[in-house]
>>> print(open('query.cif').read())   # mmCIF, C-alpha atoms and all ligand atoms
data_structure
loop_
_atom_site.label_atom_id
_atom_site.label_comp_id
_atom_site.auth_asym_id
_atom_site.auth_seq_id
_atom_site.Cartn_x
_atom_site.Cartn_y
_atom_site.Cartn_z
CA MET A 1 17.61 24.56 -25.09
CA PHE A 2 18.08 20.97 -26.32
CA SER A 3 19.38 18.30 -23.91
CA GLU A 4 22.50 16.20 -24.53
CA LYS A 5 20.23 13.13 -24.66
CA LEU A 6 18.23 14.66 -27.50
CA LEU A 7 21.36 15.81 -29.37
CA MET A 8 22.83 12.31 -29.19
CA ARG A 9 19.64 10.84 -30.63
CA LEU A 10 19.33 13.50 -33.33
CA LYS A 11 22.93 12.79 -34.41
CA HIS A 12 22.37 9.07 -35.02
CA ALA A 13 18.64 8.77 -35.71
CA VAL A 14 17.22 7.49 -38.98
CA SER A 15 13.47 7.70 -38.39
CA LEU A 16 11.63 10.69 -36.95
CA CYS A 17 7.96 11.56 -36.52
CA ALA A 18 6.32 14.92 -35.90
CA LEU A 19 2.70 15.48 -34.89
CA THR A 20 1.60 19.07 -35.40
CA GLY A 21 -1.46 20.96 -34.23
CA ALA A 22 -2.96 24.43 -34.56
CA GLY A 23 -0.07 25.96 -32.58
CA ILE A 24 2.37 25.64 -35.49
CA SER A 25 0.08 27.77 -37.65
CA ALA A 26 -0.62 30.38 -34.93
CA GLU A 27 2.40 32.49 -36.02
CA SER A 28 0.92 32.53 -39.53
CA GLY A 29 -2.12 34.23 -38.06
CA VAL A 30 -4.42 31.18 -38.02
CA PRO A 31 -6.49 31.14 -34.80
CA THR A 32 -6.01 28.04 -32.62
CA PHE A 33 -8.91 25.97 -31.38
CA ARG A 34 -8.67 26.24 -27.66
CA GLY A 35 -6.67 29.37 -27.21
CA LYS A 36 -8.30 32.67 -26.22
CA ASP A 37 -9.29 33.19 -29.88
CA GLY A 38 -10.64 29.63 -30.06
CA LEU A 39 -14.17 31.01 -30.21
CA TRP A 40 -16.00 32.20 -33.27
CA GLU A 41 -18.85 34.68 -32.94
CA LYS A 42 -19.59 33.33 -29.41
CA HIS A 43 -19.79 29.72 -30.68
CA ARG A 44 -17.33 27.09 -29.42
CA VAL A 45 -15.46 25.59 -32.34
CA GLU A 46 -16.15 22.09 -31.07
CA ASP A 47 -19.90 22.77 -31.35
CA LEU A 48 -19.54 23.97 -34.93
CA ALA A 49 -17.01 21.46 -36.30
CA THR A 50 -19.53 18.61 -35.98
CA PHE A 51 -21.73 16.67 -38.41
CA SER A 52 -24.80 17.46 -36.31
CA ALA A 53 -24.07 21.20 -36.68
CA LEU A 54 -24.01 20.70 -40.46
CA LYS A 55 -27.38 18.91 -40.35
CA LYS A 56 -28.99 21.22 -37.76
CA ASP A 57 -27.91 24.59 -39.15
CA PRO A 58 -26.11 24.23 -42.49
CA GLU A 59 -26.10 28.01 -43.03
CA LEU A 60 -24.26 28.67 -39.73
CA PHE A 61 -21.94 25.72 -40.43
CA TRP A 62 -21.05 27.08 -43.86
CA LYS A 63 -20.71 30.64 -42.55
CA PHE A 64 -18.08 29.30 -40.15
CA TYR A 65 -16.20 27.27 -42.75
CA GLY A 66 -16.48 30.03 -45.35
CA TRP A 67 -14.94 32.40 -42.80
CA ARG A 68 -12.09 29.97 -42.12
CA ARG A 69 -11.40 29.45 -45.82
CA LYS A 70 -11.37 33.21 -46.44
CA LEU A 71 -9.01 33.70 -43.51
CA LEU A 72 -6.65 31.07 -44.97
CA LYS A 73 -6.58 32.74 -48.40
CA ASP A 74 -3.79 35.10 -47.50
CA VAL A 75 -1.87 33.26 -44.78
CA GLN A 76 1.58 31.88 -45.50
CA PRO A 77 3.62 29.14 -43.82
CA ASN A 78 5.92 30.44 -41.09
CA LEU A 79 9.49 29.54 -40.09
CA GLY A 80 8.17 26.63 -38.04
CA HIS A 81 6.62 25.03 -41.14
CA TYR A 82 9.77 25.61 -43.20
CA ALA A 83 11.95 24.09 -40.48
CA LEU A 84 10.00 20.84 -40.86
CA VAL A 85 10.75 20.90 -44.61
CA ASP A 86 14.47 21.07 -43.69
CA ILE A 87 14.07 18.19 -41.26
CA GLU A 88 12.38 16.10 -43.96
CA ARG A 89 15.45 16.74 -46.15
CA MET A 90 17.92 15.85 -43.38
CA TYR A 91 16.41 12.55 -42.28
CA GLU A 92 15.96 9.43 -44.37
CA ASP A 93 12.67 8.54 -42.75
CA PHE A 94 10.63 11.53 -41.55
CA THR A 95 6.83 11.32 -41.23
CA LEU A 96 4.85 14.51 -40.67
CA ILE A 97 1.46 13.82 -39.12
CA THR A 98 -0.76 16.86 -38.89
CA GLN A 99 -4.09 17.53 -37.21
CA ASN A 100 -4.26 20.82 -39.09
CA VAL A 101 -6.52 21.21 -42.08
CA ASP A 102 -4.98 24.51 -43.24
CA ASN A 103 -2.78 23.07 -46.04
CA LEU A 104 0.25 25.04 -44.76
CA HIS A 105 2.62 22.04 -44.56
CA HIS A 106 1.97 21.30 -48.26
CA LEU A 107 2.45 25.00 -49.12
CA ALA A 108 5.75 25.01 -47.18
CA GLY A 109 6.97 22.02 -49.23
CA ASN A 110 6.78 18.89 -47.06
CA ARG A 111 6.19 15.89 -49.31
CA LYS A 112 5.26 13.16 -46.83
CA VAL A 113 2.34 14.65 -44.88
CA LEU A 114 -0.42 12.60 -43.23
CA GLU A 115 -3.37 15.00 -42.95
CA ILE A 116 -5.31 12.85 -40.50
CA HIS A 117 -8.07 15.46 -40.06
CA GLY A 118 -8.38 16.19 -43.78
CA ASN A 119 -7.89 19.43 -45.67
CA ILE A 120 -10.25 22.43 -45.57
CA MET A 121 -9.24 23.39 -49.15
CA ARG A 122 -11.09 20.36 -50.54
CA THR A 123 -14.89 19.95 -50.65
CA ARG A 124 -16.73 16.64 -50.24
CA CYS A 125 -20.34 15.65 -50.94
CA SER A 126 -22.05 14.48 -47.74
CA GLU A 127 -24.21 12.10 -49.80
CA CYS A 128 -22.08 10.41 -52.49
CA GLY A 129 -18.67 11.34 -51.08
CA THR A 130 -17.36 12.95 -54.28
CA VAL A 131 -14.35 15.13 -53.41
CA ILE A 132 -13.43 18.21 -55.45
CA ASP A 133 -10.36 20.39 -55.10
CA ASP A 134 -12.41 23.54 -54.94
CA PRO A 135 -12.41 25.54 -51.67
CA ASN A 136 -15.60 27.33 -52.71
CA ASP A 137 -16.42 30.34 -50.57
CA TYR A 138 -19.80 30.36 -48.94
CA SER A 139 -21.82 33.19 -50.41
CA GLY A 140 -25.15 32.42 -48.78
CA VAL A 141 -26.09 29.60 -51.17
CA LEU A 142 -25.51 26.11 -49.71
CA PRO A 143 -23.01 24.28 -51.97
CA LYS A 144 -24.50 21.25 -53.69
CA CYS A 145 -22.79 18.30 -55.36
CA GLU A 146 -22.82 18.44 -59.18
CA LYS A 147 -23.23 14.67 -59.37
CA CYS A 148 -26.09 14.02 -56.96
CA SER A 149 -26.97 17.55 -55.71
CA GLY A 150 -26.23 16.38 -52.14
CA LEU A 151 -25.14 18.96 -49.57
CA GLN A 152 -21.37 19.53 -49.73
CA ARG A 153 -19.01 20.08 -46.78
CA PRO A 154 -15.28 20.70 -46.41
CA ASP A 155 -13.21 17.52 -46.71
CA VAL A 156 -12.27 17.56 -43.01
CA VAL A 157 -12.94 15.08 -40.18
CA LEU A 158 -15.62 16.63 -37.98
CA PHE A 159 -15.88 15.85 -34.27
CA GLY A 160 -17.71 12.56 -33.85
CA GLU A 161 -16.59 11.33 -37.28
CA ASN A 162 -14.07 8.56 -37.84
CA LEU A 163 -10.71 9.35 -39.34
CA ASP A 164 -9.64 7.80 -42.64
CA GLU A 165 -8.49 4.42 -41.36
CA LYS A 166 -5.63 4.02 -43.88
CA LEU A 167 -4.18 7.40 -42.87
CA LEU A 168 -4.64 6.65 -39.18
CA ARG A 169 -2.99 3.25 -39.51
CA LYS A 170 -0.04 4.83 -41.35
CA ALA A 171 0.25 7.45 -38.60
CA GLN A 172 0.17 4.71 -35.96
CA GLU A 173 2.77 2.61 -37.78
CA SER A 174 5.11 5.60 -38.18
CA SER A 175 4.63 6.58 -34.52
CA ALA A 176 5.36 3.03 -33.36
CA GLY A 177 8.43 2.78 -35.58
CA CYS A 178 10.21 6.09 -35.01
CA GLU A 179 13.20 6.81 -32.74
CA ILE A 180 12.24 10.42 -31.92
CA PHE A 181 8.63 11.71 -31.80
CA PHE A 182 7.97 15.47 -31.76
CA SER A 183 4.60 16.80 -30.55
CA ILE A 184 4.44 20.38 -31.81
CA GLY A 185 1.81 23.06 -31.15
CA THR A 186 -0.97 20.81 -29.96
CA SER A 187 -2.96 20.72 -26.73
CA ALA A 188 -2.70 16.92 -27.00
CA VAL A 189 -6.37 16.29 -26.09
CA VAL A 190 -8.10 15.41 -29.37
CA GLU A 191 -8.34 11.66 -29.90
CA PRO A 192 -7.21 9.49 -31.59
CA ALA A 193 -4.28 11.82 -32.53
CA ALA A 194 -3.48 12.46 -28.86
CA SER A 195 -2.64 8.76 -28.38
CA LEU A 196 0.13 8.77 -31.00
CA PRO A 197 2.94 10.04 -28.71
CA TYR A 198 2.04 7.36 -26.14
CA LEU A 199 2.20 4.71 -28.85
CA ALA A 200 5.63 6.03 -29.85
CA LYS A 201 6.79 6.03 -26.23
CA ALA A 202 5.55 2.48 -25.69
CA ASN A 203 7.77 1.46 -28.61
CA GLY A 204 10.89 3.11 -27.23
CA ALA A 205 10.81 6.49 -28.96
CA TYR A 206 12.21 9.63 -27.30
CA ILE A 207 9.28 12.07 -26.90
CA VAL A 208 9.90 15.79 -27.37
CA GLU A 209 7.08 18.29 -26.86
CA ILE A 210 7.39 21.82 -28.29
CA ASN A 211 4.44 23.96 -27.20
CA ALA A 212 3.57 27.42 -25.91
CA GLU A 213 2.27 25.91 -22.67
CA GLU A 214 2.23 22.66 -20.70
CA THR A 215 -0.28 20.01 -21.81
CA PRO A 216 -1.42 16.60 -20.49
CA LEU A 217 1.46 15.12 -22.51
CA SER A 218 4.13 17.19 -20.74
CA SER A 219 4.51 14.88 -17.74
CA HIS A 220 4.96 11.87 -20.07
CA ALA A 221 7.34 13.50 -22.55
CA ASP A 222 11.11 12.99 -22.21
CA GLU A 223 11.56 16.68 -22.91
CA THR A 224 9.13 19.63 -23.02
CA ILE A 225 10.35 22.87 -24.57
CA ILE A 226 7.97 25.73 -23.82
CA GLY A 227 7.96 28.46 -26.46
CA GLN A 228 6.97 29.37 -29.99
CA ALA A 229 7.37 26.71 -32.67
CA GLY A 230 8.39 29.39 -35.21
CA LYS A 231 11.41 30.22 -33.05
CA ILE A 232 12.35 26.82 -31.58
CA LEU A 233 12.17 24.73 -34.77
CA PRO A 234 14.63 26.86 -36.80
CA GLN A 235 17.05 26.60 -33.86
CA LEU A 236 16.54 22.83 -33.84
CA VAL A 237 17.43 22.69 -37.56
CA MET A 238 20.60 24.78 -37.03
CA THR A 239 21.62 22.48 -34.17
CA ILE A 240 21.05 19.34 -36.26
CA GLU A 241 23.09 20.80 -39.13
CA ARG A 242 25.95 21.37 -36.71
CA ILE A 243 25.95 17.87 -35.18
CA ARG A 244 25.21 15.65 -38.21
C1 LIG A 301 -13.32 10.01 -33.49
C2 LIG A 301 -11.10 19.16 -38.33
C3 LIG A 301 -14.50 7.94 -33.41
C4 LIG A 301 -12.30 20.03 -38.27
C5 LIG A 301 -10.71 18.39 -36.07
C6 LIG A 301 -11.86 9.78 -26.32
C7 LIG A 301 -12.00 10.57 -25.19
C8 LIG A 301 -12.69 11.79 -25.23
C9 LIG A 301 -13.26 12.24 -26.44
C10 LIG A 301 -13.12 11.45 -27.55
C11 LIG A 301 -12.41 10.24 -27.50
N1 LIG A 301 -12.44 9.69 -28.75
C12 LIG A 301 -13.12 10.50 -29.58
C13 LIG A 301 -13.55 11.58 -28.87
C14 LIG A 301 -14.31 12.73 -29.37
C15 LIG A 301 -13.39 13.71 -30.06
C16 LIG A 301 -12.37 14.30 -29.13
O1 LIG A 301 -11.23 13.85 -29.09
N2 LIG A 301 -12.78 15.35 -28.44
C17 LIG A 301 -11.83 16.09 -27.61
C18 LIG A 301 -12.23 17.56 -27.60
C19 LIG A 301 -11.81 15.48 -26.23
N3 LIG A 301 -12.71 13.07 -31.16
C20 LIG A 301 -13.37 12.92 -32.32
O2 LIG A 301 -14.54 13.22 -32.46
C21 LIG A 301 -12.59 12.29 -33.47
N4 LIG A 301 -13.38 11.23 -34.02
O3 LIG A 301 -12.62 9.73 -32.55
O4 LIG A 301 -14.17 9.11 -34.13
C22 LIG A 301 -15.66 8.34 -32.55
C23 LIG A 301 -16.88 8.59 -33.16
C24 LIG A 301 -17.96 8.93 -32.35
C25 LIG A 301 -17.82 9.07 -30.95
C26 LIG A 301 -16.56 8.86 -30.37
C27 LIG A 301 -15.49 8.50 -31.18
C28 LIG A 301 -12.38 13.31 -34.57
C29 LIG A 301 -11.34 14.30 -34.14
C30 LIG A 301 -11.05 15.26 -35.31
C31 LIG A 301 -11.94 16.48 -35.17
N5 LIG A 301 -11.58 17.44 -36.21
N6 LIG A 301 -10.41 19.25 -37.05
C32 LIG A 301 -11.87 21.46 -38.40
O5 LIG A 301 -10.68 21.78 -38.22
O6 LIG A 301 -12.76 22.27 -38.69
S1 LIG A 301 -9.86 18.50 -34.61
C33 LIG A 301 -9.34 20.07 -34.31
O7 LIG A 301 -8.67 20.00 -33.04
C34 LIG A 301 -8.28 20.58 -35.25
O8 LIG A 301 -7.94 19.69 -36.30
C35 LIG A 301 -7.07 20.73 -34.34
O9 LIG A 301 -5.90 20.53 -35.02
C36 LIG A 301 -7.36 19.67 -33.37
C37 LIG A 301 -6.56 19.56 -32.15
O10 LIG A 301 -6.44 20.84 -31.59
P1 LIG A 301 -4.94 21.42 -31.54
O11 LIG A 301 -4.36 21.29 -32.90
O12 LIG A 301 -4.22 20.76 -30.42
O13 LIG A 301 -5.22 22.93 -31.29
P2 LIG A 301 -5.46 23.63 -29.88
O14 LIG A 301 -5.96 25.00 -30.17
O15 LIG A 301 -6.26 22.72 -29.01
O16 LIG A 301 -4.01 23.72 -29.23
C38 LIG A 301 -3.01 24.52 -29.82
C39 LIG A 301 -1.81 24.41 -28.91
O17 LIG A 301 -0.74 25.17 -29.50
C40 LIG A 301 -2.05 25.02 -27.53
O18 LIG A 301 -1.57 24.12 -26.54
C41 LIG A 301 -1.22 26.31 -27.52
O19 LIG A 301 -0.63 26.56 -26.26
C42 LIG A 301 -0.14 25.97 -28.53
N7 LIG A 301 0.41 27.12 -29.24
C43 LIG A 301 -0.21 28.28 -29.59
N8 LIG A 301 0.65 29.06 -30.29
C44 LIG A 301 1.82 28.37 -30.39
C45 LIG A 301 1.68 27.15 -29.72
N9 LIG A 301 2.67 26.24 -29.64
C46 LIG A 301 3.84 26.55 -30.24
N10 LIG A 301 4.06 27.71 -30.90
C47 LIG A 301 3.08 28.64 -30.99
N11 LIG A 301 3.31 29.79 -31.64
ZN ZN A 302 -22.87 13.84 -54.37
#
>>> encode(input="query.cif", output="structure tokens", more="lines below")
Ligand code: BV8
Ligand code: ZN
Amino acid sequence: MFSEKLLMRLKHAVSLCALTGAGISAESGVPTFRGKDGLWEKHRVEDLATFSALKKDPELFWKFYGWRRKLLKDVQPNLGHYALVDIERMYEDFTLITQNVDNLHHLAGNRKVLEIHGNIMRTRCSECGTVIDDPNDYSGVLPKCEKCSGLQRPDVVLFGENLDEKLLRKAQESSAGCEIFFSIGTSAVVEPAASLPYLAKANGAYIVEINAEETPLSSHADETIIGQAGKILPQLVMTIERIR
């Protein structure tokens, strides 16, 4: 399943990067964005996960995010998440960059996680920016900030919003400095995250894609392994343990 070229690199590498997307959480039961279940009550996720949706119809927006928070209450990390905890332990310099907002990499135990799209378990005031660690459920009353009574929203990056520039710069630096870059469970279309593997490649990294289906990245990757992250990643860890 893994090429000789990859095994050679894994044996001697010091710095690794992984970019994960919704696909790594699919086996935990979290719906992906663009898969068949990427729709919610006949709305496209991309139309709901936007600042304009929050302004235009805050009740619908909060119904959607309340549903997602409830859904995440009883999901657990899967073997794919735990494999990345092992990889963090085995490599001196491993940076996990995630587009996911589901908090599952933290729950699994990774310590160095760049959550470039934020974290749905935190709540932020859309007026004064105060962030609280409370994933309040939406029970029909729009959540308001205790400080300024502004409308609150989950602490995630909505479509059309800029990413936290410190986090993005760190993700870009790690991508440009790593020897092996894994793109795992992402359709590789959402910018600026989708540019990270190309930045890594331009700086000489070996690009490995692990995904359930081909993506626009596949023809640029050095290796594309089609399959489930929850099955492939534990095998990758076993292989690394054997060769290092
Ligand atoms: C921005 C938080 C500046 C919210 C998210 C350039 C060109 C075109 C468009 C743009 C561009 N630059 C900016 C844009 C607009 C937009 C964008 O990229 N749109 C896309 C749709 C083209 N980008 C933005 O708006 C970004 N902001 O750039 O600011 C700016 C400002 C104004 C105007 C322009 C620019 C902000 C992007 C962040 C948006 N927030 N999430 C929330 O979650 O509620 S992104 C959202 O999509 C999720 O975070 C998700 O992680 C992310 C990416 O999706 P994926 O993770 O890839 O998930 P997906 O379902 O697509 O794919 C899953 C894959 O897994 C599939 O391939 C499937 O086959 C595979 N899979 C399934 N099961 C498994 C599996 N693989 C392995 N194992 C399995 N078991
Ligand atoms: Zn406020």
>>> closest_residue(input="query.cif", among="A:Gly185, A:Pro234, A:Gly129, A:Gly177", to="ligand ZN 302 (chain A)", atoms="all atoms listed in the file")
A:Gly129
>>> closest_residue(input="query.cif", among="A:Lys70, A:Arg153, A:Lys144, A:His117", to="ligand LIG 301 (chain A)", atoms="all atoms listed in the file")
A:His117
>>> residues_around(input="query.cif", residues="Ser218 of chain A", least_positions_apart="6", cutoff="12 Å", atoms="all atoms listed in the file", output="list in words")
Phe182, Ser183, Ile184, Thr186, Ser187, Ala188, Val189, Pro197, Tyr198, Ile207, Val208, Glu209, Ile210, Asn211, Ala212, Thr224, Ile225 and Ile226 of chain A
>>> closest_residue(input="query.cif", among="A:Ser175, A:Gly109, A:Val30, A:Ser149", to="Asn203 of chain A", atoms="only C-alpha atoms")
A:Ser175
>>> residues_near_ligand(input="query.cif", ligand="ligand ZN 302 (chain A)", cutoff="6 Å", atoms="all atoms listed in the file", output="PyMOL selection string")
chain A and resi 125+127-130+145+147-150
>>> axis_aligned_box(input="query.cif", around="segment 4-13 of chain A", padding_each_side="5 Å", output="JSON")
{"center_x": 20.6, "center_y": 12.5, "center_z": -30.1, "size_x": 14.7, "size_y": 17.4, "size_z": 21.2}
>>> residues_near_ligand(input="query.cif", ligand="ligand LIG 301 (chain A)", cutoff="6 Å", atoms="all atoms listed in the file", output="ChimeraX atom specification")
/A:21-24,26-27,32-35,49,99-101,117,156-162,185-192,211-213,227-229
>>> closest_residue(input="query.cif", among="A:Leu96, A:Leu114, A:Leu48, A:Ile87", to="Phe64 of chain A", atoms="all atoms listed in the file")
A:Leu48
>>> residues_near_point(input="query.cif", point="(7.8, 6.8, -34.6)", cutoff="6 Å", atoms="all atoms listed in the file", output="list in words")
Leu16, Cys17, Ser174, Ser175, Ala176, Gly177, Cys178, Glu179, Phe181 and Ala200 of chain A
>>> residues_around(input="query.cif", residues="Ile120 of chain A", least_positions_apart="5", cutoff="10 Å", atoms="all atoms listed in the file", output="list in words")
Tyr65, Gly66, Arg68, Arg69, Leu72, Asn100, Val101, Asp102, Asn103, Asp133, Asp134, Pro135, Arg153, Pro154, Asp155, Val156 and Val157 of chain A
>>> atom_distance(input="query.cif", atom1="atom CA of Ile240 of chain A", atom2="atom CA of His105 of chain A")
20.4 Å
>>> residues_around(input="query.cif", residues="Ala13 of chain A", least_positions_apart="5", cutoff="10 Å", atoms="all atoms listed in the file", output="list in words")
Leu7, Met8, Tyr91, Glu92, Asp93, Cys178, Glu179, Ile180 and Arg244 of chain A
>>> atom_distance(input="query.cif", atom1="atom CA of Ala194 of chain A", atom2="atom CA of Phe51 of chain A")
21.0 Å
